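The next block holds one structure in the form of structure tokens; read it before the comments.
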Amino acid sequence: MSTLAPLLQAFFTERLIGQRDASPHTVASYRDAICLLLRFAQRRTGKAPHQLDIDDLDGPLIGAFLSHLQTERGASVRTRNARLTAVRSLFRFAAYRHPESAAVIQRVLAIPPKRTNRALITYLTDAEMQALLAAPDRSTRIGRRDHALLLLALETGLRVSELTALTCGAVHLGAGAHVRCFGKGRKERITPLRRQTRLLLQAWLIERAGAPDDPLFPGPSGRPLGRDAIRRLVDRHVAAAAASCPSLTGKTVSPHTLRHSCAMTLRRHGVDAATIALWLGHEDIRTTYSVYMHADLDLKEKALARTAPPGTPPGRYHPPDALLAFLESL
């Protein structure tokens, strides 16, 4: 009997769902990684997935699988590392159930993640944000929905998964208007709303006429907008906004760019990094420093201005004649 098939079932049902209570996003990500691995292993070994053993998935095969992801599937280093994380989680679980395969498991767990380049983030300026918000046709229902979604994303910095999960009941428009969401790591947080956004969402909720559990931003079928739908929405309105704001033409704007734009807007208005981390739901404030502080050119220019000696004239240093005479006498 194959040792891998019962291991996989126990890993997903007992470990991820039963013990860790992993989120659906985590389970789906691990499932996709393991499915890709099983297809690759079938091509390499000639065995169907239900015939594979743990020993078939040895270190060389896993290494070849990771290379396949990048060279043949065009995956990025981050995606490659995410797939490796899923594989290592499976093999750590296997180590307690199949000690007879400890040598194979150890070699797989020893495969390190690749280091990645960290590029500066892309974010929108105030003029670009205004152009983007003006792009939707607010004479139509879809345009009003898109405008409300873009404004909420730019002001709150919600992730795409958080936007898609918003319900009508998540918006509180009374005293202390805010929006409530469950973010990454199942952390619940609330984000305050400005008066303009509160009035806009109030009008949208009246037009939406949904129950508290209904999605705040539904698609044509009434179901929540998906990630791809929001990506197409952003692409469409960025293309329209580029006609009035040419600087958008050279930028790659994704839904996550709106989150970066929110953080940089807070930073430009003097909000400290700890508050920005709370606003965005960062687990570690070092994430906020490493991402947004490096991208803040104004902050670096102010630091440079403070280091310039006051009253120092430009040009090269020329020693006085007395100093030259003293040096020549030595």
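Just so we're on the same page: first chain in the structure tokens is A, next is B, and so on; residues restart at 1 for each chain, and ligands are numbered from 1 in the order they show up.
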What residues in region 46-209 of chain A get the DSSP label strand (DSSP E)? Please answer as a VMD selection string.
-> chain A and resid 171 to 172 178 to 182 188 to 192
Suppose we keep C-alpha atoms; can you now write the selection as a JSON list (two decimals), in the first residue's frame?
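Listing of again01.json after writing:
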[["chain", "number", "residue", "atom", "x", "y", "z"],
["A", 171, "VAL", "CA", -19.73, 49.02, 7.61],
["A", 172, "HIS", "CA", -20.70, 51.08, 10.65],
["A", 178, "HIS", "CA", -15.57, 52.55, 10.57],
["A", 179, "VAL", "CA", -15.29, 49.35, 8.57],
["A", 180, "ARG", "CA", -14.63, 46.01, 10.26],
["A", 181, "CYS", "CA", -12.71, 43.17, 8.62],
["A", 182, "PHE", "CA", -10.86, 39.95, 9.36],
["A", 188, "GLU", "CA", -9.98, 41.37, 13.32],
["A", 189, "ARG", "CA", -9.46, 45.09, 12.98],
["A", 190, "ILE", "CA", -11.48, 48.24, 12.46],
["A", 191, "THR", "CA", -10.47, 51.18, 10.29],
["A", 192, "PRO", "CA", -12.04, 54.64, 10.68]]
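Across A:Thr3, A:Thr71, A:Ala41, A:Thr125, the tightest approach to Ile54 (chain A) is made by A:Thr3 when counting only C-alpha atoms.
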CA of Ser261 (chain A) and CA of Gly157 (chain A), how far apart in Å?
->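 CA of Ser261 (chain A) lies at a distance of 7.7 Å from CA of Gly157 (chain A).
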Looking only at helix (DSSP H, G or I) from DSSP on the backbone, list the matching residues of region 36-267 of chain A as a ChimeraX atom specification.
-> /A:36-45,49-51,54-56,59-71,77-97,99-109,126-134,141-156,160-165,168-170,184-186,195-208,227-241,246-248,255-267
